[in-house]
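The data block below is coords12.cif; it holds mmCIF, C-alpha atoms.
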```cif
data_data
#
loop_
_atom_site.label_atom_id
_atom_site.label_comp_id
_atom_site.auth_asym_id
_atom_site.auth_seq_id
_atom_site.Cartn_x
_atom_site.Cartn_y
_atom_site.Cartn_z
CA MET A 297 111.46 106.32 55.23
CA SER A 298 109.73 103.25 53.86
CA GLN A 299 106.35 102.51 55.52
CA ASP A 300 103.97 99.60 55.48
CA ILE A 301 100.74 100.12 53.54
CA SER A 302 98.66 100.08 56.74
CA THR A 303 100.76 102.93 58.18
CA GLN A 304 100.48 104.89 54.94
CA LEU A 305 96.69 104.55 54.91
CA ILE A 306 96.34 105.81 58.51
CA HIS A 307 98.89 108.64 58.19
CA HIS A 308 97.96 109.71 54.67
CA ALA A 309 99.38 113.01 53.48
CA TYR A 310 96.39 114.16 51.44
CA VAL A 311 94.41 117.09 52.88
CA PRO A 312 91.35 118.29 50.92
CA PRO A 313 91.49 121.89 49.71
CA ALA A 314 89.81 124.54 51.85
CA GLY A 315 86.78 126.45 50.66
CA TYR A 316 84.22 123.71 50.03
CA GLU A 317 80.68 124.93 50.65
CA ALA A 318 77.30 123.24 50.26
CA VAL A 319 73.73 123.74 51.52
CA PRO A 320 73.92 121.10 54.28
CA PRO A 321 76.47 121.60 57.07
CA GLY A 322 79.38 119.18 57.14
CA VAL A 323 79.17 116.03 59.22
CA PHE A 324 82.19 115.67 61.49
CA LYS A 325 82.65 112.33 63.24
CA GLY A 326 85.24 111.15 65.66
CA SER A 327 85.87 110.33 69.30
CA THR A 328 89.51 111.44 69.18
CA VAL A 329 90.08 115.11 68.37
CA LEU A 330 93.58 115.99 67.20
CA PHE A 331 95.35 118.99 68.77
CA PRO A 332 97.81 120.98 66.63
CA ASN A 333 100.42 120.96 69.41
CA ALA A 334 100.94 120.14 73.08
CA ALA A 335 100.39 123.73 74.20
CA THR A 336 96.85 123.64 72.79
CA VAL A 337 96.06 120.62 74.97
CA ARG A 338 96.80 122.65 78.09
CA GLU A 339 94.96 125.69 76.76
CA ARG A 340 91.76 123.83 75.95
CA ALA A 341 91.85 121.90 79.22
CA LYS A 342 91.10 125.18 81.02
CA ALA A 343 87.76 125.39 79.25
CA PHE A 344 86.94 121.70 79.10
CA GLY A 345 83.44 121.20 77.71
CA HIS A 346 82.92 124.81 76.67
CA ARG A 347 81.98 125.64 73.09
CA ASP A 348 85.06 127.64 72.09
CA GLY A 349 87.27 124.73 71.07
CA TYR A 350 87.42 120.99 70.48
CA SER A 351 88.85 118.46 72.91
CA TYR A 352 86.95 115.17 72.58
CA GLY A 353 84.20 113.95 70.30
CA LEU A 354 81.71 113.51 73.15
CA TYR A 355 81.95 117.20 74.00
CA GLY A 356 81.22 118.58 70.56
CA THR A 357 82.18 118.80 66.91
CA PRO A 358 81.47 121.44 64.26
CA THR A 359 78.29 119.50 63.43
CA THR A 360 76.87 119.56 66.95
CA TYR A 361 77.98 123.14 67.56
CA THR A 362 76.14 124.20 64.40
CA LEU A 363 72.96 122.45 65.53
CA GLU A 364 73.20 124.03 68.98
CA GLN A 365 73.48 127.51 67.53
CA ARG A 366 70.56 127.02 65.15
CA LEU A 367 68.41 125.76 68.01
CA CYS A 368 69.33 128.86 70.02
CA THR A 369 68.09 130.93 67.09
CA LEU A 370 64.86 128.90 66.92
CA GLU A 371 64.02 129.36 70.61
CA GLY A 372 65.68 132.69 71.33
CA GLY A 373 68.36 131.39 73.71
CA ARG A 374 72.12 131.80 74.12
CA HIS A 375 73.37 128.42 75.36
CA CYS A 376 72.37 124.94 74.18
CA LEU A 377 73.29 121.40 75.17
CA LEU A 378 72.29 118.39 73.07
CA CYS A 379 71.14 115.24 74.88
CA PRO A 380 70.37 111.72 73.60
CA SER A 381 66.60 112.22 74.16
CA GLY A 382 64.06 114.66 75.52
CA GLN A 383 63.89 112.67 78.75
CA ALA A 384 67.69 112.82 79.07
CA ALA A 385 67.44 116.61 78.81
CA ILE A 386 64.81 116.68 81.59
CA ALA A 387 66.96 114.47 83.82
CA THR A 388 70.07 116.59 83.18
CA VAL A 389 68.23 119.74 84.23
CA ASN A 390 66.97 118.10 87.42
CA ILE A 391 70.30 116.58 88.39
CA GLY A 392 72.21 119.72 87.48
CA LEU A 393 70.05 121.94 89.69
CA LEU A 394 68.67 119.88 92.55
CA SER A 395 70.32 118.61 95.73
CA SER A 396 69.17 116.64 98.74
CA GLY A 397 66.58 118.68 100.65
CA ASP A 398 65.37 120.58 97.56
CA GLU A 399 61.87 120.24 96.16
CA VAL A 400 60.65 120.31 92.57
CA LEU A 401 57.06 121.10 91.55
CA LEU A 402 55.46 119.41 88.54
CA PRO A 403 52.10 120.06 86.87
CA THR A 404 49.51 117.32 87.33
CA ASN A 405 49.43 116.89 83.53
CA VAL A 406 53.21 116.52 83.28
CA TYR A 407 54.92 114.26 80.75
CA GLY A 408 54.74 110.79 82.31
CA PRO A 409 58.47 109.90 82.32
CA SER A 410 59.22 113.24 84.02
CA LEU A 411 56.94 112.27 86.90
CA ARG A 412 58.51 108.81 87.07
CA HIS A 413 61.97 110.41 87.29
CA ALA A 414 60.82 112.48 90.27
CA ARG A 415 59.31 109.43 91.99
CA THR A 416 62.37 107.24 91.52
CA THR A 417 65.80 108.80 90.89
CA LEU A 418 65.14 112.17 92.50
CA SER A 419 63.50 110.61 95.55
CA GLN A 420 66.52 108.33 96.00
CA LEU A 421 68.71 111.44 96.04
CA GLY A 422 66.65 113.03 98.83
CA ILE A 423 64.83 115.42 96.51
CA THR A 424 61.08 115.72 97.09
CA TYR A 425 58.37 116.66 94.63
CA GLN A 426 54.78 117.85 94.61
CA CYS A 427 52.27 118.12 91.79
CA TYR A 428 50.25 121.30 91.33
CA ASP A 429 47.16 122.04 89.25
CA PRO A 430 48.47 124.09 86.30
CA MET A 431 45.01 125.54 85.70
CA ASP A 432 44.87 126.96 89.23
CA VAL A 433 47.58 129.52 89.96
CA ALA A 434 46.48 129.59 93.60
CA ASP A 435 47.33 125.90 93.91
CA LEU A 436 50.85 126.55 92.67
CA GLN A 437 51.16 129.49 95.03
CA ALA A 438 50.08 127.35 97.99
CA LYS A 439 52.68 124.67 97.23
CA LEU A 440 55.66 126.97 96.79
CA SER A 441 57.97 127.04 99.78
CA GLY A 442 61.51 127.87 100.78
CA ARG A 443 62.50 124.36 99.67
CA THR A 444 61.14 124.83 96.13
CA LYS A 445 64.16 125.08 93.87
CA LEU A 446 62.62 124.24 90.49
CA VAL A 447 59.15 124.49 88.93
CA TRP A 448 58.35 122.69 85.68
CA VAL A 449 55.66 124.04 83.36
CA GLU A 450 54.10 122.52 80.23
CA ALA A 451 52.03 124.28 77.62
CA PRO A 452 49.81 122.53 76.84
CA GLY A 453 49.65 119.65 79.29
CA SER A 454 50.63 116.19 78.18
CA ILE A 455 47.84 114.20 76.50
CA THR A 456 44.86 116.13 77.96
CA MET A 457 46.05 119.36 76.32
CA GLU A 458 44.99 121.92 78.93
CA PHE A 459 46.70 125.25 78.20
CA PRO A 460 47.67 127.13 81.38
CA ASP A 461 48.07 130.82 82.03
CA LEU A 462 51.75 130.34 81.37
CA ARG A 463 52.92 133.88 82.02
CA THR A 464 51.18 134.01 85.40
CA LEU A 465 52.46 130.58 86.43
CA VAL A 466 56.03 131.62 85.58
CA ALA A 467 55.72 134.96 87.39
CA THR A 468 54.26 133.26 90.47
CA ALA A 469 57.06 130.68 90.65
CA LYS A 470 59.82 133.24 90.10
CA SER A 471 58.38 135.60 92.73
CA ALA A 472 59.02 132.81 95.24
CA GLY A 473 62.64 132.48 94.10
CA ALA A 474 62.17 129.29 92.08
CA ILE A 475 63.83 128.51 88.75
CA VAL A 476 61.31 127.77 85.99
CA ALA A 477 61.84 125.13 83.29
CA LEU A 478 59.48 124.73 80.34
CA ASP A 479 58.93 121.57 78.32
CA ASN A 480 58.67 123.34 74.97
CA THR A 481 58.29 120.29 72.74
CA TRP A 482 54.75 121.16 71.66
CA GLY A 483 55.52 124.84 70.99
CA ALA A 484 58.79 123.92 69.24
CA GLY A 485 59.90 127.55 69.07
CA ILE A 486 57.10 128.21 66.56
CA ALA A 487 53.85 128.57 68.54
CA PHE A 488 55.40 131.04 70.99
CA ALA A 489 58.83 132.29 71.99
CA PRO A 490 59.68 130.52 75.27
CA PHE A 491 61.97 133.15 76.74
CA GLU A 492 59.42 135.88 76.10
CA MET A 493 57.39 134.02 78.74
CA SER A 494 60.29 134.68 81.17
CA VAL A 495 61.14 131.01 81.69
CA ASP A 496 64.73 130.30 82.72
CA ILE A 497 65.12 127.04 80.79
CA SER A 498 63.55 125.55 77.68
CA VAL A 499 63.78 121.78 77.21
CA HIS A 500 62.87 120.41 73.80
CA ALA A 501 62.43 116.85 72.56
CA LEU A 502 64.08 117.27 69.18
CA THR A 503 62.76 113.80 68.40
CA LYS A 504 59.50 115.48 67.42
CA TYR A 505 59.18 118.52 65.15
CA PRO A 506 62.85 119.53 64.71
CA SER A 507 63.67 116.05 63.42
CA GLY A 508 60.38 115.58 61.59
CA GLY A 509 61.29 112.15 60.29
CA ALA A 510 60.34 109.85 63.17
CA ASP A 511 63.85 108.39 62.86
CA VAL A 512 66.03 110.03 65.52
CA LEU A 513 66.03 110.53 69.30
CA MET A 514 67.46 113.75 70.73
CA GLY A 515 66.77 116.52 73.22
CA SER A 516 68.07 119.99 74.02
CA ILE A 517 68.51 122.27 77.03
CA ILE A 518 68.50 125.97 76.18
CA THR A 519 68.98 128.92 78.52
CA ASN A 520 70.07 132.55 78.47
CA ASP A 521 71.62 132.31 81.93
CA ASP A 522 75.40 131.74 82.03
CA LYS A 523 75.38 130.32 85.56
CA LEU A 524 72.56 127.88 84.83
CA HIS A 525 74.32 126.75 81.68
CA ASP A 526 77.49 126.07 83.67
CA LYS A 527 75.52 123.92 86.14
CA PHE A 528 73.98 121.92 83.32
CA ARG A 529 77.36 121.59 81.61
CA VAL A 530 78.89 119.98 84.70
CA ALA A 531 76.01 117.50 85.03
CA TYR A 532 76.15 116.89 81.29
CA LEU A 533 79.84 116.02 81.41
CA ASP A 534 79.50 113.90 84.54
CA LEU A 535 76.62 111.90 83.05
CA GLY A 536 78.50 111.36 79.78
CA MET A 537 75.81 112.98 77.66
CA GLY A 538 76.38 113.42 73.96
CA VAL A 539 74.86 112.84 70.54
CA GLY A 540 76.19 111.23 67.37
CA ALA A 541 77.10 113.22 64.28
CA ASN A 542 74.66 111.33 62.07
CA ASP A 543 71.78 112.08 64.43
CA ALA A 544 72.77 115.75 64.54
CA GLU A 545 72.86 115.72 60.74
CA LEU A 546 69.28 114.42 60.60
CA VAL A 547 68.00 117.11 62.96
CA LEU A 548 69.86 119.82 61.04
CA ARG A 549 68.23 118.59 57.85
CA GLY A 550 64.79 118.60 59.45
CA LEU A 551 65.26 121.97 61.09
CA ALA A 552 65.37 123.73 57.73
CA SER A 553 61.72 122.85 57.07
CA ILE A 554 60.31 122.95 60.62
CA LYS A 555 58.22 126.11 60.13
CA ALA A 556 56.58 124.87 56.93
CA ARG A 557 55.89 121.43 58.42
CA TYR A 558 54.62 122.83 61.72
CA ASP A 559 52.17 125.09 59.90
CA LEU A 560 50.86 122.17 57.83
CA HIS A 561 50.53 119.91 60.88
CA ASP A 562 48.65 122.75 62.59
CA ALA A 563 46.24 123.50 59.73
CA THR A 564 45.36 119.84 59.15
CA ALA A 565 44.92 119.14 62.88
CA ARG A 566 42.60 122.11 63.36
CA ALA A 567 40.46 121.05 60.40
CA LEU A 568 40.16 117.46 61.64
CA ALA A 569 39.62 118.46 65.28
CA SER A 570 36.79 120.81 64.28
CA TRP A 571 35.22 118.12 62.11
CA LEU A 572 35.48 115.44 64.79
CA ALA A 573 33.77 117.72 67.32
CA GLY A 574 30.52 117.28 65.39
CA GLN A 575 30.68 113.51 64.90
CA ASP A 576 28.50 110.93 66.61
CA GLY A 577 30.32 109.13 69.41
CA ILE A 578 32.76 111.99 70.10
CA SER A 579 31.85 113.71 73.35
CA ARG A 580 34.67 116.26 73.42
CA VAL A 581 37.72 117.39 71.47
CA LEU A 582 40.75 118.64 73.40
CA HIS A 583 42.67 120.97 71.12
CA PRO A 584 43.97 124.29 72.51
CA ALA A 585 42.69 126.25 69.51
CA LEU A 586 39.12 125.03 70.12
CA GLU A 587 36.87 126.56 72.78
CA SER A 588 36.07 123.05 74.06
CA CYS A 589 39.61 122.72 75.43
CA PRO A 590 40.39 123.95 78.96
CA GLY A 591 42.61 127.00 78.79
CA HIS A 592 41.67 127.95 75.22
CA GLU A 593 41.63 131.60 76.27
CA HIS A 594 45.24 131.31 77.48
CA TRP A 595 46.32 129.68 74.21
CA ALA A 596 44.69 132.57 72.34
CA THR A 597 46.73 135.17 74.25
CA HIS A 598 50.02 133.25 74.26
CA CYS A 599 50.25 131.56 70.87
CA SER A 600 50.25 132.16 67.15
CA ALA A 601 50.01 128.46 66.20
CA ALA A 602 48.92 125.13 67.67
CA ALA A 603 50.98 122.17 66.44
CA GLY A 604 49.42 118.96 65.12
CA LEU A 605 48.40 117.28 68.37
CA PHE A 606 44.96 116.87 69.94
CA SER A 607 42.92 114.39 71.94
CA VAL A 608 39.32 113.27 71.75
CA LEU A 609 36.99 111.76 74.29
CA ILE A 610 34.86 108.89 73.00
CA ASP A 611 31.42 108.83 74.59
CA GLU A 612 31.13 106.65 77.71
CA SER A 613 28.28 104.74 76.06
CA ARG A 614 30.87 103.10 73.80
CA THR A 615 32.81 100.09 75.03
CA HIS A 616 36.56 99.59 75.24
CA ALA A 617 36.17 97.00 72.49
CA GLN A 618 34.55 99.59 70.21
CA VAL A 619 37.32 102.09 70.91
CA ASP A 620 39.97 99.49 70.13
CA ALA A 621 38.12 98.52 66.96
CA PHE A 622 38.06 102.18 65.90
CA CYS A 623 41.84 102.42 66.28
CA ASP A 624 42.37 99.14 64.49
CA ARG A 625 40.14 100.12 61.56
CA LEU A 626 42.10 103.28 60.81
CA GLN A 627 44.21 102.75 57.71
CA LEU A 628 46.28 105.94 57.57
CA PHE A 629 46.90 106.33 61.31
CA GLY A 630 49.61 104.22 62.87
CA ILE A 631 49.15 103.15 66.47
CA GLY A 632 52.31 104.39 68.11
CA LEU A 633 53.97 106.67 70.62
CA SER A 634 55.75 109.94 69.91
CA TRP A 635 54.65 112.50 67.31
CA GLY A 636 55.89 115.16 64.92
CA GLY A 637 56.71 112.79 62.05
CA PRO A 638 55.19 112.49 58.56
CA MET A 639 52.71 109.72 59.46
CA SER A 640 49.58 110.40 61.48
CA LEU A 641 49.26 108.44 64.73
CA VAL A 642 46.58 107.49 67.23
CA MET A 643 47.11 106.24 70.78
CA PRO A 644 44.54 105.17 73.39
CA TYR A 645 45.19 106.19 77.01
CA ASP A 646 43.82 105.05 80.33
CA MET A 647 43.00 108.29 82.15
CA GLN A 648 43.13 106.68 85.59
CA SER A 649 46.67 105.42 85.10
CA ILE A 650 48.09 108.62 83.60
CA ARG A 651 46.48 110.92 86.14
CA GLY A 652 47.11 108.91 89.28
CA GLY A 653 43.57 107.58 89.51
CA LYS A 654 41.99 111.07 89.43
CA GLN A 655 40.04 110.91 86.21
CA SER A 656 39.03 114.45 85.34
CA TYR A 657 37.28 113.62 82.07
CA GLY A 658 34.58 111.13 81.28
CA GLY A 659 34.85 108.78 78.35
CA HIS A 660 37.64 107.00 76.53
CA LEU A 661 40.61 109.19 75.59
CA LEU A 662 42.47 108.94 72.28
CA ARG A 663 45.38 111.18 71.31
CA PHE A 664 45.97 112.01 67.65
CA SER A 665 49.21 113.23 66.13
CA ILE A 666 48.47 114.58 62.69
CA GLY A 667 51.12 113.99 60.07
CA LEU A 668 51.65 115.39 56.58
CA GLU A 669 49.02 113.42 54.69
CA SER A 670 46.16 115.04 52.79
CA VAL A 671 43.48 116.39 55.13
CA GLU A 672 40.76 114.93 52.87
CA ASP A 673 42.31 111.46 52.99
CA LEU A 674 42.63 111.57 56.77
CA ARG A 675 39.04 112.77 57.20
CA GLU A 676 37.77 109.98 54.98
CA ASP A 677 39.73 107.43 56.99
CA LEU A 678 38.36 108.75 60.28
CA ALA A 679 34.84 108.73 58.88
CA GLN A 680 34.94 105.09 57.82
CA ALA A 681 36.36 104.00 61.18
CA LEU A 682 33.75 105.99 63.10
CA SER A 683 30.97 104.51 60.99
CA GLU A 684 32.17 100.93 61.30
CA ALA A 685 33.32 100.87 64.93
CA LEU A 686 31.65 103.66 66.92
CA ALA A 687 28.17 103.89 65.45
CA ALA A 688 25.52 103.85 68.18
CA ALA A 689 23.73 100.55 68.64
#
```
In C-alpha cells, write the structure found in this file.
Amino acid sequence: MSQDISTQLIHHAYVPPAGYEAVPPGVFKGSTVLFPNAATVRERAKAFGHRDGYSYGLYGTPTTYTLEQRLCTLEGGRHCLLCPSGQAAIATVNIGLLSSGDEVLLPTNVYGPSLRHARTTLSQLGITYQCYDPMDVADLQAKLSGRTKLVWVEAPGSITMEFPDLRTLVATAKSAGAIVALDNTWGAGIAFAPFEMSVDISVHALTKYPSGGADVLMGSIITNDDKLHDKFRVAYLDLGMGVGANDAELVLRGLASIKARYDLHDATARALASWLAGQDGISRVLHPALESCPGHEHWATHCSAAAGLFSVLIDESRTHAQVDAFCDRLQLFGIGLSWGGPMSLVMPYDMQSIRGGKQSYGGHLLRFSIGLESVEDLREDLAQALSEALAAA
C-alpha cells in the first residue's frame, strides 16, 4: 500500500536492535504509552499507577522507575514517588494522609513553605496544626492528642540548624499513634539512614544533593509501608504529579556522585565553620558538628556526616548595612536560595520573620551553603569580606 511520506515517518518500520547497554540509564520520553494489544489495556487498568507496568507517561517510564529504585536504595525504603519539587512532595504527603478534623504537628524550625502550606491549604480543608519545640520532647508530648494524625520532624532544623533527639521525638510521636514524616533533605541518605530512626516517611528535595547541579527541581516520597504508599499514590494521581524524563536523567546523573560530593561539601563546611567561629564580628556558628550548635550531642549520636550547610550569627554591634556589605563583598559566594550545588551561597535571614516574631538568637543571621570550590579560596574570600565590611569601628 502506497503511503504519504508523513505517514511513513510516523509509522516507520525500523526498530533498533536489542542489547544496547551504556553507563547512563536510557531516557524514555512520551505522554502516550503504546500497549501491545487491547487485552493489555484492561490488564494494566487494574493496577493503574502502580510500578509493574506502563500506562501513561505521567505515571512512569523506565527512566523514572530506575530513579525511584535507586532512591529507595539510597534511603533504605521500598516505595518511591517522584514529585516536581520538595514542596510538592510535602504537600502530597499532607493531602494524602490528612482529612478535615485531623491535626498535624510541625517543629518550630520547620521549612518555611511547609508552615505556609499548613496555614493556608490545610486550614482551608479543616485540618489544624500546632508547632512544637523540637528540642523539648516534653513539648511535643504535651501537644499530641487523639486528633494528631501526622508529626513532621526535621534534622537539623531549617536555617538555625538545631539538631533534635530524633529517635526520641519519633518514638514519642508513634507511641501516641501518630504517623511520622521526616524532611531528609539535609541528611540526603548519607548522614544517617532515615528508616533506622523508625520514621514512617522520608521526604527529600532532590533539587539539592541528589541533583548536585543547581539546575533541576524535584522531590521524592519514600516509605516502607504498603498502605501509606497506596494513600500517597492516590493523592499523587489525583493531583497530577509527575516529573519529566530529562529532569529524571539529570538526577540520575548526579546520584552517581552524591556520596563523594556530600563528603567534600561536609569537609569544606566544617573547616570554614570552625575557622569562622574564631573571627572578629562572628558571635556564634550554628553547625551541628560544632559544640556551639544546639543539639550537637544528638548529631554526634545520630550521624556520620554533616552536609555542607551552616549558619552564623553576626554580632549585634554590627549594623544591617555592614551585614549587607559583607554579603555583597563576597566574590565566590552567590547570594541565592537553595543549596547542594557546585557554587557556594550565602543568604541573610530576618529571624523575627522566620520564627514568627520569637527571636531565639541575638545578632544577624546568615546561612552558608558550601559548594565544591577550594577551601583555601573560600576562606580567603570570607577573610577579605570580614576585614572590609565587618571590622569593628
Just say which residues the PyMOL selection byres ((chain A and resi 448) around 9) picks in this file, as a VMD selection string. chain A and resid 400 to 403 406 446 to 447 449 to 450 475 to 479
Residue by residue, what does the PyMOL selection byres ((chain A and resi 603-615) around 9) grab here? Present the result as a compact mmCIF listing (two decimals) with C-alpha atoms, in the coordinates of the input.
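Heads up, here's the output in part.txt:
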```
# COMPACT_ATOMS: atom_id res chain seq x y z
CA ILE A 455 47.84 114.20 76.50
CA THR A 456 44.86 116.13 77.96
CA MET A 457 46.05 119.36 76.32
CA TRP A 482 54.75 121.16 71.66
CA GLY A 483 55.52 124.84 70.99
CA ALA A 484 58.79 123.92 69.24
CA ILE A 486 57.10 128.21 66.56
CA ALA A 487 53.85 128.57 68.54
CA TYR A 558 54.62 122.83 61.72
CA ASP A 559 52.17 125.09 59.90
CA LEU A 560 50.86 122.17 57.83
CA HIS A 561 50.53 119.91 60.88
CA ASP A 562 48.65 122.75 62.59
CA ALA A 563 46.24 123.50 59.73
CA THR A 564 45.36 119.84 59.15
CA ALA A 565 44.92 119.14 62.88
CA ARG A 566 42.60 122.11 63.36
CA ALA A 569 39.62 118.46 65.28
CA LEU A 572 35.48 115.44 64.79
CA ALA A 573 33.77 117.72 67.32
CA ASP A 576 28.50 110.93 66.61
CA GLY A 577 30.32 109.13 69.41
CA ILE A 578 32.76 111.99 70.10
CA SER A 579 31.85 113.71 73.35
CA ARG A 580 34.67 116.26 73.42
CA VAL A 581 37.72 117.39 71.47
CA LEU A 582 40.75 118.64 73.40
CA HIS A 583 42.67 120.97 71.12
CA PRO A 584 43.97 124.29 72.51
CA ALA A 601 50.01 128.46 66.20
CA ALA A 602 48.92 125.13 67.67
CA HIS A 616 36.56 99.59 75.24
CA ALA A 617 36.17 97.00 72.49
CA GLN A 618 34.55 99.59 70.21
CA VAL A 619 37.32 102.09 70.91
CA ASP A 620 39.97 99.49 70.13
CA TRP A 635 54.65 112.50 67.31
CA GLY A 636 55.89 115.16 64.92
CA TYR A 657 37.28 113.62 82.07
CA GLY A 658 34.58 111.13 81.28
CA GLY A 659 34.85 108.78 78.35
CA HIS A 660 37.64 107.00 76.53
CA LEU A 661 40.61 109.19 75.59
CA LEU A 662 42.47 108.94 72.28
CA ARG A 663 45.38 111.18 71.31
CA PHE A 664 45.97 112.01 67.65
CA SER A 665 49.21 113.23 66.13
CA ILE A 666 48.47 114.58 62.69
CA GLY A 667 51.12 113.99 60.07
CA LEU A 686 31.65 103.66 66.92
CA ALA A 687 28.17 103.89 65.45
CA ALA A 688 25.52 103.85 68.18
```
I would like the residues chosen by the PyMOL selection byres ((chain A and resi 637) around 8) on the shown file; could you give them as an MDAnalysis selection string? chainID A and resid 504:505 507:510 635:636 638:640 667:668
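Minimum atom-to-atom distances from A:Ala567, A:Ser327, A:Gln680, A:His592 to Cys623 in chain A were compared using all atoms listed in the file, and the lowest value belongs to A:Gln680.
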Skip range 513-525 of chain A itself and residues of its chain fewer than 4 positions away, then list as a PyMOL selection string all residues within 9 Å of it, counting all atoms listed in the file. chain A and resi 364+367-368+371-386+388-389+392-393+491+495-504+507+529-530+539+543-544+547
Please determine, counting all atoms listed in the file, which residue among A:Tyr361, A:Ser441, A:Ile306, A:Tyr425 has the shortest atom-to-atom distance to His346 in chain A.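 Among A:Tyr361, A:Ser441, A:Ile306, A:Tyr425, it is A:Tyr361 that comes nearest to His346 in chain A.
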Could you please determine the separation between CA of Pro430 in chain A and CA of Ser454 in chain A in Å, to one decimal place?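 Taking CA of Pro430 in chain A as the start and CA of Ser454 in chain A as the end point, the length is 11.5 Å.
Nearest to Ala531 in chain A of all the residues A:Thr362, A:Ser351, A:Gln627, A:Asn390 is A:Asn390, based on all atoms listed in the file.
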Rounded to one decimal place, report the CA of His413 in chain A-CA of Ala387 in chain A distance in Å. 7.3 Å
Straight-line distance linking CA of Pro644 in chain A with CA of Asp624 in chain A, stated in Å to one decimal: 11.0 Å
Selection: 7 Å around Val466 in chain A, all atoms listed in the file, excl. self and same-chain fewer than 2 positions, as a CSV table (one decimal) with C-alpha atoms, keeping the file's coordinate frame:
```
chain,number,residue,atom,x,y,z
A,462,LEU,CA,51.8,130.3,81.4
A,463,ARG,CA,52.9,133.9,82.0
A,464,THR,CA,51.2,134.0,85.4
A,468,THR,CA,54.3,133.3,90.5
A,469,ALA,CA,57.1,130.7,90.6
A,470,LYS,CA,59.8,133.2,90.1
A,476,VAL,CA,61.3,127.8,86.0
A,494,SER,CA,60.3,134.7,81.2
A,495,VAL,CA,61.1,131.0,81.7
```
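If all atoms listed in the file are the atoms counted, then among A:Gln365, A:Thr359, A:Thr444, A:Gln299 the closest residue to Val323 in chain A is A:Thr359.
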Which residues come within 12 Å of Ser419 in chain A, counting only C-alpha atoms, excluding same-chain residues fewer than 3 positions away, as a PyMOL selection string? chain A and resi 390-391+394-400+411-416+422-426
Counting all atoms listed in the file, figure out which residue out of A:Thr597, A:Ser588, A:Asn333, A:Thr369 gets nearest to Pro460 in chain A.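 Of A:Thr597, A:Ser588, A:Asn333, A:Thr369, the one nearest Pro460 in chain A, counting all atoms listed in the file, is A:Thr597.
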Counting all atoms listed in the file, figure out which residue out of A:Trp571, A:Lys342, A:Glu587, A:Gly453 gets nearest to Ala679 in chain A. A:Trp571
